[in-house]
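The file protein_13.txt contains compact mmCIF, C-alpha atoms:
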# COMPACT_ATOMS: atom_id res chain seq x y z
CA ALA A 1191 -117.11 -15.10 209.48
CA ALA A 1192 -113.54 -14.59 208.25
CA ALA A 1193 -114.01 -10.83 208.08
CA LEU A 1194 -115.48 -10.68 211.57
CA ARG A 1195 -112.54 -12.75 212.87
CA ALA A 1196 -110.07 -10.14 211.61
CA ALA A 1197 -112.10 -7.23 212.95
CA GLU A 1198 -112.29 -8.77 216.41
CA MET A 1199 -108.64 -9.87 216.64
CA VAL A 1200 -106.98 -6.50 216.00
CA GLN A 1201 -106.16 -4.47 219.09
CA LEU A 1202 -108.00 -1.15 219.03
CA ALA A 1203 -107.65 1.85 221.32
CA PRO A 1204 -109.55 5.16 221.54
CA LYS A 1205 -108.79 7.60 218.71
CA ASP A 1206 -107.15 4.87 216.61
CA ARG A 1207 -107.03 5.23 212.84
CA VAL A 1208 -107.72 1.86 211.22
CA ALA A 1209 -107.22 1.13 207.52
CA VAL A 1210 -108.24 -1.76 205.29
CA ILE A 1211 -105.94 -1.98 202.28
CA GLY A 1212 -107.11 -3.64 199.08
CA PRO A 1213 -110.84 -3.86 199.85
CA ARG A 1214 -112.67 -5.99 197.33
CA ARG A 1215 -114.95 -8.88 198.33
CA LEU A 1216 -113.16 -9.84 201.56
CA GLY A 1217 -111.87 -6.37 202.32
CA MET A 1218 -115.30 -4.77 201.98
CA LEU A 1219 -116.67 -7.29 204.46
CA VAL A 1220 -113.79 -6.49 206.84
CA ILE A 1221 -114.79 -2.83 206.67
CA ALA A 1222 -118.40 -3.79 207.47
CA ALA A 1223 -117.22 -5.98 210.36
CA LEU A 1224 -115.03 -3.18 211.76
CA ALA A 1225 -117.93 -0.75 211.54
CA SER A 1226 -120.14 -3.26 213.33
CA ARG A 1227 -117.57 -3.73 216.10
CA ARG A 1228 -117.35 0.05 216.45
CA ARG A 1229 -121.12 0.29 216.87
CA THR A 1230 -121.34 -2.67 219.23
CA GLU A 1231 -118.49 -1.58 221.50
CA SER A 1232 -119.00 2.20 221.10
CA LEU A 1233 -115.41 2.58 219.93
CA ASP A 1234 -113.95 5.96 219.05
CA VAL A 1235 -111.98 4.86 215.98
CA ALA A 1236 -111.82 6.01 212.37
CA ILE A 1237 -111.98 3.55 209.45
CA THR A 1238 -110.28 4.28 206.11
CA ALA A 1239 -110.40 2.20 202.93
CA LEU A 1240 -107.12 2.20 200.96
CA VAL A 1241 -107.97 1.52 197.32
CA ARG A 1242 -106.19 1.35 193.97
CA ARG A 1243 -109.34 2.21 192.02
CA GLU A 1244 -111.35 5.28 192.93
CA SER A 1245 -114.53 3.55 191.76
CA LEU A 1246 -114.35 1.28 194.84
CA GLY A 1247 -114.40 4.24 197.23
CA PRO A 1248 -118.16 4.84 197.35
CA THR A 1249 -118.81 1.15 198.02
CA ALA A 1250 -116.31 1.23 200.89
CA LEU A 1251 -118.14 4.22 202.36
CA ALA A 1252 -121.45 2.41 202.04
CA MET A 1253 -119.95 -0.59 203.87
CA GLY A 1254 -118.99 1.58 206.85
CA ALA A 1255 -115.70 3.34 206.09
CA ASP A 1256 -115.41 6.99 207.11
CA ASP A 1257 -113.25 7.87 204.13
CA PHE A 1258 -111.07 6.36 201.43
CA ALA A 1259 -107.67 7.15 199.94
CA MET A 1260 -105.79 6.05 196.87
CA THR A 1261 -102.66 3.93 197.35
CA THR A 1262 -101.31 5.17 194.00
CA GLY A 1263 -100.27 8.62 192.92
CA GLY A 1264 -99.99 11.61 195.22
CA ASP A 1265 -102.06 10.13 198.07
CA ALA A 1266 -99.58 7.34 198.84
CA GLY A 1267 -96.92 9.60 200.35
CA ARG A 1268 -99.19 11.06 203.02
CA LEU A 1269 -100.34 7.57 204.06
CA VAL A 1270 -96.89 6.52 205.32
CA ARG A 1271 -97.28 5.60 209.00
CA GLY A 1272 -100.64 7.26 208.94
CA PHE A 1273 -102.58 4.47 210.68
CA ASP A 1274 -102.38 2.71 214.02
CA VAL A 1275 -103.74 -0.54 212.55
CA VAL A 1276 -103.76 -1.74 208.94
CA ILE A 1277 -105.56 -4.89 207.77
CA ASP A 1278 -104.08 -6.27 204.54
CA THR A 1279 -106.63 -7.92 202.24
CA THR A 1280 -104.72 -7.33 198.98
CA ALA A 1281 -103.66 -10.98 198.50
CA SER A 1282 -100.41 -9.72 196.97
CA PRO A 1283 -96.83 -9.26 198.20
CA GLU A 1284 -96.81 -5.77 196.71
CA GLY A 1285 -99.86 -4.74 198.71
CA PHE A 1286 -98.31 -6.15 201.87
CA LEU A 1287 -95.17 -4.08 201.36
CA GLN A 1288 -97.30 -0.96 201.09
CA ALA A 1289 -99.18 -1.94 204.23
CA CYS A 1290 -95.87 -2.24 206.10
CA GLU A 1291 -95.17 1.42 205.34
CA PHE A 1292 -98.64 2.65 206.30
CA THR A 1293 -98.92 1.20 209.82
CA ARG A 1294 -97.35 2.35 213.07
CA ARG A 1295 -98.54 -0.25 215.62
CA GLU A 1296 -100.18 -3.37 214.12
CA LEU A 1297 -100.36 -4.94 210.67
CA HIS A 1298 -102.96 -7.69 210.36
CA LEU A 1299 -102.37 -10.08 207.47
CA LYS A 1300 -105.45 -11.74 206.01
CA SER A 1301 -104.05 -12.99 202.68
CA THR A 1302 -102.95 -16.53 201.78
CA HIS A 1303 -101.36 -15.98 198.38
CA GLY A 1304 -98.65 -18.64 198.85
CA GLN A 1305 -95.77 -16.41 197.73
CA PRO A 1306 -92.62 -15.23 199.53
CA CYS A 1307 -93.39 -11.88 201.09
CA GLY A 1308 -91.44 -9.24 202.96
CA GLY A 1309 -88.52 -11.55 203.71
CA LEU A 1310 -90.55 -14.62 204.75
CA GLU A 1311 -91.32 -17.76 202.77
CA ASN A 1312 -94.11 -18.98 205.04
CA THR A 1313 -96.53 -16.08 205.45
CA THR A 1314 -99.36 -18.33 204.25
CA ALA A 1315 -98.57 -20.87 206.98
CA MET A 1316 -98.47 -18.00 209.45
CA VAL A 1317 -102.00 -16.97 208.46
CA VAL A 1318 -103.29 -20.55 208.41
CA ASP A 1319 -102.05 -21.07 212.00
CA GLU A 1320 -103.01 -17.53 213.10
CA VAL A 1321 -99.53 -16.92 214.51
CA SER A 1322 -98.37 -13.43 215.55
CA LEU A 1323 -94.87 -11.99 215.10
CA ARG A 1324 -93.89 -9.48 217.76
CA PRO A 1325 -90.83 -7.43 218.72
CA TRP A 1326 -88.56 -9.16 221.22
CA SER A 1327 -88.08 -7.85 224.72
CA ALA A 1328 -86.25 -9.22 227.74
CA GLU A 1329 -89.58 -9.68 229.50
CA ALA A 1330 -90.96 -11.69 226.59
CA GLU A 1331 -87.92 -13.99 226.53
CA ALA A 1332 -88.03 -14.56 230.28
CA ALA A 1333 -91.68 -15.60 230.04
CA SER A 1334 -91.16 -17.79 226.98
CA PRO A 1335 -91.11 -21.61 227.19
CA ALA A 1336 -88.39 -21.44 224.52
CA SER A 1337 -85.92 -20.29 227.21
CA GLN A 1338 -86.49 -23.55 229.09
CA GLY A 1339 -85.03 -25.82 226.43
CA THR A 1340 -85.80 -27.43 223.09
CA ASP A 1341 -88.21 -29.96 224.63
CA CYS A 1342 -90.75 -27.14 224.79
CA PHE A 1343 -90.58 -26.33 221.07
CA PRO A 1344 -93.17 -28.75 219.61
CA GLY A 1345 -96.44 -26.93 220.00
CA ALA A 1346 -94.85 -24.14 222.06
CA PRO A 1347 -97.09 -21.13 222.71
CA THR A 1348 -94.11 -18.81 222.15
CA VAL A 1349 -90.79 -19.06 220.30
CA VAL A 1350 -87.92 -16.56 220.33
CA VAL A 1351 -85.83 -16.25 217.15
CA ASP A 1352 -82.92 -14.19 215.82
CA SER A 1353 -83.75 -13.93 212.11
CA LEU A 1354 -86.51 -14.18 209.53
CA ALA A 1355 -85.08 -17.53 208.43
CA GLU A 1356 -85.73 -18.78 211.96
CA VAL A 1357 -89.27 -17.40 211.80
CA ASP A 1358 -89.81 -19.54 208.70
CA HIS A 1359 -88.31 -22.54 210.49
CA ALA A 1360 -90.56 -22.02 213.53
CA LEU A 1361 -93.60 -21.93 211.26
CA ARG A 1362 -92.71 -24.96 209.12
CA PRO A 1363 -89.53 -26.81 210.19
CA SER A 1364 -90.20 -29.58 207.67
CA HIS A 1365 -91.52 -29.45 204.12
CA ASP A 1366 -93.15 -32.83 204.79
CA SER A 1367 -95.33 -31.66 207.68
CA GLU A 1368 -97.84 -28.87 208.28
CA ARG A 1369 -96.89 -28.79 211.96
CA GLY A 1370 -94.91 -25.86 213.28
CA LEU A 1371 -92.61 -25.46 216.25
CA VAL A 1372 -94.97 -22.73 217.40
CA ARG A 1373 -98.54 -23.84 217.86
CA ALA A 1374 -101.63 -22.34 216.28
CA LEU A 1375 -102.54 -18.97 217.85
CA GLY A 1376 -99.00 -18.80 219.20
CA THR A 1377 -96.48 -15.98 219.14
CA ILE A 1378 -93.00 -15.65 217.65
CA TYR A 1379 -90.72 -12.99 219.15
CA LEU A 1380 -88.08 -11.62 216.81
CA ARG A 1381 -84.89 -10.20 218.31
CA PRO A 1382 -83.34 -7.24 216.42
CA SER A 1383 -81.54 -8.76 213.45
CA GLY A 1384 -80.58 -5.76 211.32
CA GLU A 1385 -81.93 -7.53 208.24
CA ASP A 1386 -82.87 -5.35 205.30
CA ALA A 1387 -86.25 -6.95 204.70
CA ALA A 1388 -89.67 -5.38 205.10
CA ILE A 1389 -90.89 -7.63 207.92
CA ALA A 1390 -87.63 -7.32 209.88
CA ARG A 1391 -87.76 -3.53 209.61
CA LEU A 1392 -91.44 -3.57 210.55
CA VAL A 1393 -90.91 -5.54 213.75
CA GLU A 1394 -87.75 -3.68 214.71
CA ARG A 1395 -89.68 -0.41 214.83
CA GLY A 1396 -92.10 -2.00 217.29
CA VAL A 1397 -94.97 -3.11 215.03
CA THR A 1398 -96.84 -6.36 215.66
CA LEU A 1399 -97.64 -8.57 212.65
CA SER A 1400 -100.86 -10.39 213.49
CA THR A 1401 -102.86 -12.80 211.33
CA SER A 1402 -106.21 -14.53 211.10
CA ARG A 1403 -107.78 -17.11 208.85
CA CYS A 1404 -111.40 -18.29 209.08
CA GLY A 1405 -114.01 -17.50 211.68
CA ASP A 1406 -116.97 -18.74 213.67
CA PHE A 1407 -120.10 -19.07 211.53
CA LYS A 1408 -122.37 -18.95 214.59
CA ALA A 1409 -120.76 -15.72 215.77
CA ALA A 1410 -121.11 -14.22 212.29
CA LEU A 1411 -124.78 -15.20 212.05
CA ALA A 1412 -125.42 -13.81 215.52
CA ARG A 1413 -123.80 -10.52 214.53
CA LEU A 1414 -125.90 -10.35 211.36
CA ASN A 1415 -129.03 -10.93 213.45
CA SER A 1416 -128.13 -8.33 216.06
CA ASP A 1417 -126.82 -5.53 213.80
CA ALA A 1418 -129.49 -4.31 211.41
CA GLU A 1419 -127.00 -2.22 209.43
CA LEU A 1420 -125.19 -5.38 208.32
CA ARG A 1421 -128.22 -6.82 206.59
CA SER A 1422 -127.80 -4.63 203.51
CA ILE A 1423 -124.14 -5.45 202.83
CA GLY A 1424 -124.95 -8.17 200.28
CA GLU A 1425 -126.97 -5.70 198.21
CA THR A 1426 -124.32 -2.99 198.63
CA MET A 1427 -121.59 -5.24 197.20
CA ILE A 1428 -123.50 -5.89 193.95
CA THR A 1429 -121.83 -3.67 191.39
CA HIS A 1430 -123.30 -5.14 188.20
CA ARG A 1431 -126.63 -6.75 187.28
CA PHE A 1432 -127.51 -8.98 184.34
CA ASP A 1433 -130.50 -10.82 182.98
CA GLN A 1434 -130.17 -14.58 182.65
CA SER A 1435 -130.23 -14.20 178.86
CA ASP A 1436 -126.94 -12.26 179.10
CA LEU A 1437 -125.08 -14.84 181.20
CA GLY A 1438 -121.95 -14.69 179.03
CA SER A 1439 -121.54 -10.98 179.69
CA ALA A 1440 -122.02 -11.56 183.41
CA PHE A 1441 -119.13 -14.03 183.54
CA GLN A 1442 -116.95 -11.71 181.47
CA LYS A 1443 -117.66 -8.76 183.76
CA ALA A 1444 -117.05 -10.88 186.88
CA ARG A 1445 -113.45 -11.37 185.71
CA GLU A 1446 -112.80 -7.63 185.57
CA ARG A 1447 -111.24 -5.67 188.42
CA ASP A 1448 -114.06 -3.14 188.70
CA CYS A 1449 -116.58 -5.88 189.55
CA LEU A 1450 -117.17 -6.87 193.17
CA LYS A 1451 -120.26 -8.99 192.60
CA ALA A 1452 -122.34 -9.57 189.48
CA LEU A 1453 -125.99 -10.54 190.07
CA VAL A 1454 -127.79 -12.62 187.45
CA THR A 1455 -131.59 -12.45 187.64
CA PRO A 1456 -133.27 -15.66 186.42
CA VAL A 1457 -136.09 -15.45 183.92
CA PRO A 1458 -139.37 -16.92 185.29
Starting from the file, lay out its structure as structure tokens.
Amino acid sequence: AAALRAAEMVQLAPKDRVAVIGPRRLGMLVIAALASRRRTESLDVAITALVRRESLGPTALAMGADDFAMTTGGDAGRLVRGFDVVIDTTASPEGFLQACEFTRRELHLKSTHGQPCGGLENTTAMVVDEVSLRPWSAEAEAASPASQGTDCFPGAPTVVVDSLAEVDHALRPSHDSERGLVRALGTIYLRPSGEDAAIARLVERGVTLSTSRCGDFKAALARLNSDAELRSIGETMITHRFDQSDLGSAFQKARERDCLKALVTPVP
């Protein structure tokens, strides 16, 4: 459900190149959800998996990616601004910074790692509330309730700010409350600030930072029922198999980075 939510929220156009960076358990499902959306809507888009370990590439292809590329070594340089949309599933600030360099129109953040990232303290709150950060324009400000006075701020659908610090404040003005000045599914518009931080640079070159959290279980189940190619994804994600008598090895392998899912078969 969470993967399908991300796949359906990103804005796709014909001939788009879409990348999923850091595909493991969640990221592989995002690839499958994107491939399903492509089939369902007959979209002319290409899907690339951006991986740190080459061993994950074949699984990404089996989940629906058209190709995969390494985010380390010689491949990384040619990926810079190589994709219209990038979905970040790395769950790490370092992965997010790479994603900022790889996208040219939209970066969709799926991770809630709880760490400062790209110049913001509250990226996790941003994902939890599914708030988008967009480049400011005069048209956006004129249409924003923020221009009508501070009475509109609590639960405002849009907020206009001048710095990343103000983005953080709009997301969580108080450490004692989970309520933001901008409401869930709202939009923050960032005016050009000249800040030397990854997110400020990202937005100033016209890129939208979108987010999503969980999803609709009923919609996910309906998609699984209607798309026969999705029914094999559970089997595809199993990278290691163990007998019940070797349970200790199964847990040890599950901790390692080359394991997506370890299946333990019970003894009758």
>> Can you pull out the residues contacting Arg1369 in chain A? Cut-off 12 Å, using only C-alpha atoms, and skip same-chain residues under 6 positions away; I want them as a PyMOL selection string.
In response: chain A and resi 1315-1316+1318-1319+1343-1346+1359-1363
Residues near Val1457 in chain A, anyone? I mean within 12 Å using all atoms listed in the file, not counting same-chain ones fewer than 5 positions away, as a list in words. Phe1432, Asp1433, Gln1434, Ser1435, Asp1436 and Leu1437 of chain A
Nearest to Ser1327 in chain A, restricted to only C-alpha atoms and choosing among A:Gly1396, A:Gly1309, A:Pro1456, A:Pro1283, comes out as A:Gly1396
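Interatomic distance, CA of Thr1280 in chain A against CA of Leu1240 in chain A: 10.0 Å.
Straight-line separation from CA of Asp1406 in chain A to CA of Leu1216 in chain A: 15.5 Å.
For the pair CA of Leu1224 in chain A and CA of Thr1293 in chain A, the interatomic distance is 16.8 Å.
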What lies within 9 Å of range 1286-1288 of chain A using only C-alpha atoms, ignoring chain neighbours under 2 positions off, as JSON, numbers by chain?
{"A": [1211, 1261, 1266, 1270, 1278, 1279, 1280, 1281, 1282, 1283, 1284, 1290, 1291, 1292, 1299, 1301, 1307, 1308, 1388, 1389]}
Min atom-atom distance to Thr1377 in chain A from the set A:Arg1431, A:Ser1322, A:Val1393, A:Ser1402, counting all atoms listed in the file, belongs to A:Ser1322
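Nearest residue to Ile1277 in chain A among A:Ala1289, A:Leu1392, A:Met1260, A:Leu1411 is A:Ala1289, counting all atoms listed in the file.
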Using only C-alpha atoms, the shortest atom-to-atom distance to Arg1229 in chain A among A:Val1351, A:Val1321, A:Ala1440, A:Ala1418 belongs to A:Ala1418
If you count only C-alpha atoms, the residue of A:Ser1383, A:Thr1348, A:Asn1312, A:Ser1422 closest to His1365 in chain A turns out to be A:Asn1312
Given 4 Å of margin on each side, can you work out the centre and size in Å (one decimal) of an axis-aligned box holding every listed atom of range 1262-1271 of chain A, as JSON?
{"center_x": -99.5, "center_y": 8.4, "center_z": 201.0, "size_x": 13.2, "size_y": 14.4, "size_z": 24.1}
- Non-local contacts of Ser1416 in chain A (12 Å; all atoms listed in the file; under 5 positions in same chain excluded) as a ChimeraX atom specification: /A:1226-1227,1229-1230,1409-1411,1421
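With all atoms listed in the file as the atoms that count, the minimum distance from Leu1354 in chain A to the choices A:Ser1367, A:Pro1306, A:Arg1214, A:Val1317 is reached by A:Pro1306.
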Exercise for the section: Quick one: residues within 7 Å of (-120.0, -3.9, 203.8) (file frame), counting all atoms listed in the file, please, as a list in words. Expected result: Met1218, Leu1219, Ile1221, Ala1222, Ala1250, Ala1252, Met1253, Gly1254, Ile1423, Thr1426 and Met1427 of chain A
Can you pull out every residue within 8 Å of Pro1382 in chain A, counting only C-alpha atoms, but drop anything in the same chain fewer than 2 positions away, and send it as a PyMOL selection string?
chain A and resi 1325-1326+1352-1353+1380+1384+1390+1394
### Task
Taking the point (-124.9, -4.4, 196.3) as given in the file, collect each protein or nucleic acid residue that comes within 9 Å of it, counting all atoms listed in the file, and present the set as number ranges by chain.
A: 1249, 1422-1430, 1450-1453
